[in-house]
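Enquirer: File follows, input_10.txt with compact mmCIF, C-alpha atoms:
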# COMPACT_ATOMS: atom_id res chain seq x y z
CA MET A 1 -38.63 20.63 15.64
CA THR A 2 -38.23 23.87 17.59
CA SER A 3 -39.99 27.09 16.65
CA PRO A 4 -38.14 29.37 14.23
CA LEU A 5 -35.64 31.59 15.98
CA PRO A 6 -36.28 35.34 16.02
CA SER A 7 -34.41 37.94 13.99
CA PRO A 8 -31.72 38.79 12.88
CA LEU A 9 -32.22 35.79 10.55
CA PRO A 10 -35.87 34.80 10.07
CA ARG A 11 -36.64 31.62 8.15
CA SER A 12 -37.61 33.36 4.91
CA ALA A 13 -34.31 35.25 4.81
CA LEU A 14 -32.38 32.08 5.62
CA VAL A 15 -34.10 30.16 2.83
CA ALA A 16 -33.31 32.96 0.40
CA ARG A 17 -29.63 32.96 1.41
CA LEU A 18 -29.35 29.23 1.05
CA ARG A 19 -31.09 29.21 -2.31
CA ALA A 20 -28.85 31.97 -3.60
CA ALA A 21 -25.82 29.91 -2.53
CA GLY A 22 -27.03 27.02 -4.67
CA CYS A 23 -28.60 24.81 -1.99
CA VAL A 24 -31.21 22.78 -3.89
CA PHE A 25 -33.19 21.84 -0.77
CA ALA A 26 -33.02 25.27 0.81
CA GLU A 27 -36.27 24.96 2.77
CA ASP A 28 -35.32 21.62 4.31
CA GLU A 29 -31.82 22.84 5.14
CA ALA A 30 -33.19 25.98 6.75
CA ASP A 31 -35.41 23.92 9.02
CA LEU A 32 -32.49 21.71 10.04
CA LEU A 33 -30.27 24.68 10.79
CA ILE A 34 -33.02 26.38 12.80
CA SER A 35 -33.78 23.25 14.82
CA THR A 36 -30.08 22.66 15.57
CA ALA A 37 -28.93 26.20 16.42
CA GLY A 38 -29.03 27.16 20.06
CA SER A 39 -29.31 30.91 19.51
CA PRO A 40 -29.83 33.47 16.74
CA HIS A 41 -26.10 34.17 16.75
CA GLU A 42 -25.29 30.48 16.34
CA LEU A 43 -27.84 30.23 13.55
CA ALA A 44 -26.22 33.14 11.71
CA THR A 45 -22.80 31.51 12.10
CA MET A 46 -24.07 28.17 10.84
CA ALA A 47 -25.79 29.82 7.90
CA GLY A 48 -22.55 31.59 7.01
CA ARG A 49 -20.63 28.33 7.04
CA ARG A 50 -23.23 26.58 4.89
CA THR A 51 -23.48 29.37 2.30
CA ALA A 52 -19.67 29.41 2.13
CA GLY A 53 -19.82 25.83 0.90
CA GLU A 54 -19.28 23.63 3.94
CA PRO A 55 -21.24 20.35 3.86
CA LEU A 56 -24.53 20.63 5.72
CA GLU A 57 -23.54 17.67 7.91
CA HIS A 58 -20.37 19.40 9.08
CA VAL A 59 -22.35 22.52 9.91
CA LEU A 60 -24.99 20.58 11.83
CA GLY A 61 -22.45 18.34 13.52
CA TRP A 62 -24.29 15.19 12.51
CA ALA A 63 -25.33 13.15 9.49
CA GLY A 64 -28.49 11.12 9.04
CA PHE A 65 -27.58 7.49 8.28
CA CYS A 66 -29.71 4.35 8.52
CA GLY A 67 -32.28 6.24 10.57
CA MET A 68 -29.67 7.35 13.08
CA ARG A 69 -27.83 10.60 13.78
CA THR A 70 -24.10 10.06 13.47
CA ALA A 71 -21.79 12.74 14.88
CA VAL A 72 -19.58 14.19 12.13
CA GLU A 73 -17.07 16.93 12.83
CA ALA A 74 -15.55 19.28 10.26
CA GLY A 75 -13.04 17.59 8.00
CA VAL A 76 -14.43 14.07 8.45
CA PHE A 77 -15.88 12.02 5.59
CA VAL A 78 -19.68 12.28 5.49
CA PRO A 79 -21.47 8.90 5.21
CA ARG A 80 -23.45 8.65 1.99
CA ARG A 81 -26.93 7.23 1.62
CA ARG A 82 -25.66 4.66 -0.91
CA THR A 83 -23.59 3.10 1.86
CA GLU A 84 -26.82 2.06 3.60
CA PHE A 85 -26.86 -0.75 1.03
CA LEU A 86 -23.48 -1.92 2.33
CA VAL A 87 -25.02 -1.99 5.82
CA ARG A 88 -27.95 -4.07 4.57
CA GLN A 89 -25.63 -6.66 3.05
CA ALA A 90 -23.39 -6.77 6.10
CA ALA A 91 -26.41 -7.12 8.40
CA GLU A 92 -27.45 -10.22 6.44
CA ALA A 93 -23.96 -11.66 6.89
CA LEU A 94 -24.12 -11.00 10.64
CA ARG A 95 -27.50 -12.69 10.93
CA ALA A 96 -26.12 -15.71 9.10
CA VAL A 97 -23.52 -16.29 11.83
CA ALA A 98 -25.69 -15.29 14.78
CA GLY A 99 -27.03 -18.81 15.41
CA ARG A 100 -23.60 -20.40 15.45
CA CYS A 101 -22.30 -17.69 17.79
CA ARG A 102 -25.18 -18.27 20.20
CA GLU A 103 -24.35 -21.97 20.29
CA GLU A 104 -20.74 -21.07 21.13
CA ALA A 105 -21.87 -18.46 23.70
CA ALA A 106 -19.87 -15.84 21.83
CA ALA A 107 -20.68 -12.58 20.10
CA PRO A 108 -20.02 -12.25 16.36
CA VAL A 109 -16.81 -10.37 15.63
CA LEU A 110 -17.35 -7.35 13.38
CA VAL A 111 -14.54 -5.20 11.98
CA ASP A 112 -15.19 -1.91 10.19
CA LEU A 113 -12.12 -0.75 8.24
CA CYS A 114 -11.85 2.73 6.72
CA CYS A 115 -14.53 3.47 9.29
CA GLY A 116 -14.64 7.26 8.99
CA SER A 117 -17.14 8.50 11.55
CA GLY A 118 -18.06 4.93 12.50
CA ALA A 119 -21.48 5.21 10.87
CA VAL A 120 -21.41 1.71 9.34
CA GLY A 121 -20.27 0.02 12.53
CA ALA A 122 -22.82 1.91 14.62
CA ALA A 123 -25.67 1.02 12.27
CA LEU A 124 -24.72 -2.65 12.28
CA ALA A 125 -24.26 -2.78 16.04
CA SER A 126 -27.62 -1.10 16.60
CA GLN A 127 -29.35 -3.65 14.36
CA ALA A 128 -27.68 -6.44 16.32
CA ASP A 129 -28.83 -4.86 19.60
CA GLY A 130 -25.17 -4.35 20.48
CA ARG A 131 -24.50 -8.11 20.60
CA VAL A 132 -21.27 -7.91 18.61
CA GLU A 133 -17.60 -7.60 19.37
CA LEU A 134 -16.98 -4.45 17.36
CA HIS A 135 -13.64 -3.13 16.16
CA ALA A 136 -13.13 -0.20 13.78
CA GLY A 137 -10.13 1.55 12.32
CA ASP A 138 -9.14 4.55 10.26
CA VAL A 139 -5.95 6.34 9.30
CA ASP A 140 -7.45 9.81 9.88
CA PRO A 141 -7.18 11.07 13.50
CA ALA A 142 -10.31 13.24 13.21
CA ALA A 143 -12.32 10.29 11.94
CA VAL A 144 -11.06 8.17 14.83
CA ARG A 145 -12.26 10.80 17.33
CA CYS A 146 -15.72 10.77 15.77
CA ALA A 147 -15.85 6.99 15.60
CA ARG A 148 -14.90 6.63 19.26
CA HIS A 149 -17.79 8.94 20.15
CA ASN A 150 -20.28 7.19 17.87
CA LEU A 151 -19.32 3.64 18.84
CA ALA A 152 -18.98 4.14 22.58
CA ALA A 153 -22.59 3.10 23.20
CA TYR A 154 -21.86 -0.28 21.59
CA GLY A 155 -18.59 -0.95 23.38
CA GLY A 156 -16.73 -0.49 20.12
CA HIS A 157 -12.94 -0.47 20.01
CA VAL A 158 -11.60 2.13 17.56
CA HIS A 159 -8.01 1.89 16.36
CA HIS A 160 -5.90 4.55 14.69
CA GLY A 161 -3.73 3.32 11.85
CA ASP A 162 -3.50 1.93 8.33
CA LEU A 163 -6.01 -0.85 7.64
CA TYR A 164 -5.09 -4.01 9.59
CA GLU A 165 -1.91 -2.62 11.16
CA PRO A 166 -3.51 -1.30 14.40
CA LEU A 167 -5.91 -4.22 14.96
CA PRO A 168 -5.24 -6.51 17.94
CA ALA A 169 -3.36 -9.64 16.89
CA GLY A 170 -5.93 -11.73 18.75
CA LEU A 171 -8.50 -10.95 16.03
CA ARG A 172 -6.57 -12.94 13.42
CA GLY A 173 -8.70 -15.78 12.13
CA ARG A 174 -11.68 -14.69 14.28
CA VAL A 175 -13.45 -12.00 12.24
CA ASP A 176 -16.95 -13.07 11.21
CA VAL A 177 -17.80 -9.96 9.18
CA LEU A 178 -15.25 -7.53 7.78
CA VAL A 179 -16.80 -4.44 6.21
CA ALA A 180 -14.86 -1.69 4.45
CA ASN A 181 -16.18 1.47 2.83
CA VAL A 182 -12.87 2.00 1.05
CA PRO A 183 -12.02 5.11 -1.00
CA TYR A 184 -12.68 4.19 -4.63
CA VAL A 185 -12.61 7.40 -6.66
CA PRO A 186 -9.83 7.19 -9.30
CA ALA A 187 -7.13 9.75 -8.49
CA ASP A 188 -7.61 11.76 -11.68
CA GLU A 189 -11.35 12.07 -10.98
CA VAL A 190 -11.00 13.54 -7.48
CA PRO A 191 -10.72 17.11 -8.89
CA LEU A 192 -14.10 16.52 -10.60
CA LEU A 193 -15.92 15.82 -7.34
CA PRO A 194 -18.38 18.40 -5.94
CA PRO A 195 -16.63 21.12 -3.92
CA GLU A 196 -18.27 19.92 -0.70
CA ALA A 197 -16.33 16.66 -0.97
CA ARG A 198 -13.22 17.93 -2.73
CA LEU A 199 -12.58 20.84 -0.39
CA HIS A 200 -14.00 19.67 2.93
CA GLU A 201 -13.38 15.93 3.19
CA PRO A 202 -9.96 14.28 3.54
CA ARG A 203 -8.48 13.12 0.24
CA VAL A 204 -7.42 9.89 1.91
CA ALA A 205 -11.13 9.03 2.27
CA LEU A 206 -11.82 9.65 -1.42
CA ASP A 207 -8.75 8.78 -3.51
CA GLY A 208 -8.52 5.12 -4.45
CA GLY A 209 -5.40 5.42 -6.62
CA PRO A 210 -5.03 5.28 -10.42
CA ASP A 211 -8.03 3.00 -11.04
CA GLY A 212 -9.78 3.56 -7.71
CA LEU A 213 -9.07 0.05 -6.44
CA ASP A 214 -5.73 0.39 -4.61
CA VAL A 215 -7.21 0.25 -1.11
CA LEU A 216 -9.74 -2.42 -2.03
CA ARG A 217 -6.89 -4.66 -3.23
CA ARG A 218 -5.00 -4.15 0.04
CA VAL A 219 -8.10 -4.94 2.10
CA ALA A 220 -8.77 -8.08 0.05
CA ALA A 221 -5.14 -9.22 0.29
CA GLY A 222 -5.19 -9.08 4.09
CA ALA A 223 -8.70 -10.46 4.59
CA PRO A 224 -7.95 -14.22 4.46
CA GLY A 225 -5.60 -13.93 7.43
CA TRP A 226 -8.17 -12.12 9.57
CA LEU A 227 -11.45 -13.77 8.60
CA ALA A 228 -12.77 -16.76 10.49
CA PRO A 229 -13.52 -19.84 8.38
CA GLY A 230 -16.67 -18.92 6.47
CA GLY A 231 -16.23 -15.26 7.44
CA SER A 232 -17.42 -12.53 5.08
CA LEU A 233 -15.78 -9.50 3.50
CA LEU A 234 -18.01 -6.71 2.16
CA VAL A 235 -16.63 -3.73 0.27
CA GLU A 236 -18.39 -0.85 -1.47
CA THR A 237 -17.30 0.02 -5.02
CA SER A 238 -18.84 1.41 -8.21
CA GLU A 239 -20.72 -0.60 -10.82
CA ARG A 240 -18.13 0.10 -13.50
CA GLN A 241 -15.31 -1.01 -11.20
CA ALA A 242 -17.09 -4.19 -10.10
CA PRO A 243 -15.53 -6.61 -12.64
CA ARG A 244 -11.97 -5.61 -11.70
CA ALA A 245 -12.87 -5.53 -8.01
CA LEU A 246 -14.27 -9.07 -8.22
CA GLU A 247 -11.10 -10.27 -9.91
CA ALA A 248 -8.94 -8.65 -7.24
CA VAL A 249 -10.90 -10.26 -4.42
CA ALA A 250 -11.01 -13.67 -6.07
CA ASP A 251 -7.25 -13.54 -6.64
CA CYS A 252 -6.89 -13.49 -2.84
CA GLY A 253 -8.63 -16.83 -2.46
CA LEU A 254 -12.08 -15.55 -1.52
CA VAL A 255 -15.36 -16.60 -3.12
CA ALA A 256 -16.82 -13.32 -4.37
CA ARG A 257 -19.86 -11.85 -6.09
CA ALA A 258 -21.14 -8.37 -6.86
CA VAL A 259 -24.53 -7.15 -5.65
CA THR A 260 -26.14 -3.98 -6.98
CA CYS A 261 -29.09 -1.87 -5.84
CA GLU A 262 -30.85 0.60 -8.13
CA GLU A 263 -32.62 2.27 -5.21
CA PHE A 264 -29.31 3.35 -3.65
CA ASP A 265 -27.29 3.41 -6.90
CA ALA A 266 -24.85 1.20 -5.01
CA THR A 267 -22.61 -1.78 -5.67
CA VAL A 268 -21.13 -4.05 -3.01
CA ILE A 269 -18.61 -6.84 -3.39
CA THR A 270 -19.43 -9.65 -0.98
CA ALA A 271 -16.88 -12.39 -0.47
CA ALA A 272 -16.29 -15.29 1.88
CA ARG A 273 -13.34 -17.22 3.15
CA PRO A 274 -13.94 -20.91 2.33
CA ASP A 275 -15.11 -22.76 5.44
CA ALA A 276 -12.81 -25.69 6.07
CA GLY A 277 -14.25 -26.17 9.56
CA ARG A 278 -13.90 -23.92 12.55
CA ALA A 279 -11.18 -24.40 15.13
For this file, write the structure as structure tokens.
Expert:
Amino acid sequence: MTSPLPSPLPRSALVARLRAAGCVFAEDEADLLISTAGSPHELATMAGRRTAGEPLEHVLGWAGFCGMRTAVEAGVFVPRRRTEFLVRQAAEALRAVAGRCREEAAAPVLVDLCCGSGAVGAALASQADGRVELHAGDVDPAAVRCARHNLAAYGGHVHHGDLYEPLPAGLRGRVDVLVANVPYVPADEVPLLPPEARLHEPRVALDGGPDGLDVLRRVAAGAPGWLAPGGSLLVETSERQAPRALEAVADCGLVARAVTCEEFDATVITAARPDAGRA
């Protein structure tokens, strides 16, 4: 961490401003702003943005996720800590197919739908030492820009469009792990979200329709046509939505179960396409 920048905004004054604006972890945020700012003027500008209510990650230009720094520009969905549980589950699924892929001299095929900044795909690729064929997609142009930046080091291919629509046709029936951090907030609950999310993140990344499961159902419906035999689908949802989410996934012919984690307050639906033998 760099030394505190000189006036006009010393650390004590910055902490006081942040605390007055309602920032619970004012001291920690002050240190992050100070270490990121390149000049006192930039620090003052960043402090103004944060105290006006912008998410800290948008102000910093990055979000901490799975021990990595993921670039996040203003207006892009900020990856949540709970989604690290989705990464853990998907990493297990990738490891399960790694041996077979080595025998076939091929890399596992990983697709990250509703990818946002690409944080999930980047975390998974880094844990696999980049030995994956990685594709990601999102409907939001700003998210696609971020994802292309964050996934470039892993040779990731980022596609702009609605769910499966922009994916290369050659991926059909080849995807080993399909992960989707879909929007799952019920539409009438979006206005109840904290202002940081409600005002500064795209609604398309939050609003899951009347019961929060509209996008999940669409992902599940398309998954059997894209997954390889034995391939896995993993989708984040909420604990109270899990029974209906399981039913929706099972209705699409996948073998599904719900996994929860108290540490992350997270629920993931994991499902598999029945393996009738690989082509």
Enquirer: Can you pull out every residue within 10 Å of Pro224 (chain A), counting only C-alpha atoms, but drop anything in the same chain fewer than 6 positions away, and send it as a list in words?
Expert: Arg172, Gly173, Val175, Gly231, Ser232, Leu233, Cys252, Gly253, Leu254, Ala272, Arg273 and Pro274 of chain A
Enquirer: May I have the residues within 12 Å of region 51-63 of chain A as a ChimeraX atom specification, using only C-alpha atoms and disregarding those fewer than 5 positions away in the same chain?
Expert: /A:14-26,28-38,42-46,68-81,117-119,146,149-150,194-201
Enquirer: So which residues touch Leu110 (chain A) within 10 Å, counting all atoms listed in the file, skipping near sequence neighbours fewer than 4 positions away, as a list in words?
Expert: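 Skipping anything fewer than 4 positions along the chain leaves Ala90, Leu94, Gly121, Leu124, Ala125, Val132, Glu133, Leu134, His135, Ala136, Gly156, Leu171, Arg174, Val175, Asp176, Val177, Leu178, Val179, Leu227, Gly231 and Ser232 of chain A.
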Enquirer: I'd like the contact shell of Asp188 (chain A) - 10 Å cut-off, only C-alpha atoms, skipping same-chain residues fewer than 6 positions apart - returned as a ChimeraX atom specification.
Expert: /A:207-212
Enquirer: Could you tell me how far CA of Ala248 (chain A) lies from CA of Ala266 (chain A), in Å and to one decimal?
Expert: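 Pair CA of Ala248 (chain A) / CA of Ala266 (chain A) returns 18.8 Å.
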Enquirer: Rank A:Val144, A:Ala128, A:Ala153, A:Ala250 by their smallest atom-to-atom distance to Ala96 (chain A), using all atoms listed in the file, and report the top residue only.
Expert: A:Ala128
Enquirer: If you count only C-alpha atoms, which residues fall within 10 Å of Thr237 (chain A), apart from same-chain ones fewer than 5 positions away, as a ChimeraX atom specification?
Expert: /A:83,86,180-185,212-213,216,242,245,258,260,266-269
Enquirer: Record the distance separating CA of Ala223 (chain A) and CA of Cys114 (chain A), expressed in Å with one decimal.
Expert: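 If I compute the distance from CA of Ala223 (chain A) to CA of Cys114 (chain A), I get 13.7 Å.
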Enquirer: Of the candidates A:Gly99, A:Gly161, A:Pro108, A:Gly67, which one gets nearest to Ala122 (chain A) if we count all atoms listed in the file?
Expert: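 Checking each of A:Gly99, A:Gly161, A:Pro108, A:Gly67 against Ala122 (chain A), counting all atoms listed in the file, the winner is A:Gly67.
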Enquirer: One decimal, Å: what's the distance from CA of Arg240 (chain A) over to CA of Leu113 (chain A), could you say?
Expert: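 If I compute the distance from CA of Arg240 (chain A) to CA of Leu113 (chain A), I get 22.6 Å.
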Enquirer: May I ask which of the residues A:Val87, A:Val158, A:Val190, A:Ala256 is the closest one to Leu206 (chain A), counting all atoms listed in the file?
Expert: A:Val190
Enquirer: Please identify all polymer residues lying at most 7 Å from the point (-28.7, 0.1, 6.9) (file coordinates), using all atoms listed in the file, and present the result as a list in words.
Expert: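 Checking each residue against the 7 Å limit leaves Cys66, Glu84, Phe85, Val87, Arg88 and Ala123 of chain A.
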Enquirer: Rank A:Ala152, A:Leu193, A:Ala169, A:Val249 by their smallest atom-to-atom distance to Val215 (chain A), using all atoms listed in the file, and report the top residue only.
Expert: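 Selected residue with least distance to Val215 (chain A): A:Val249.
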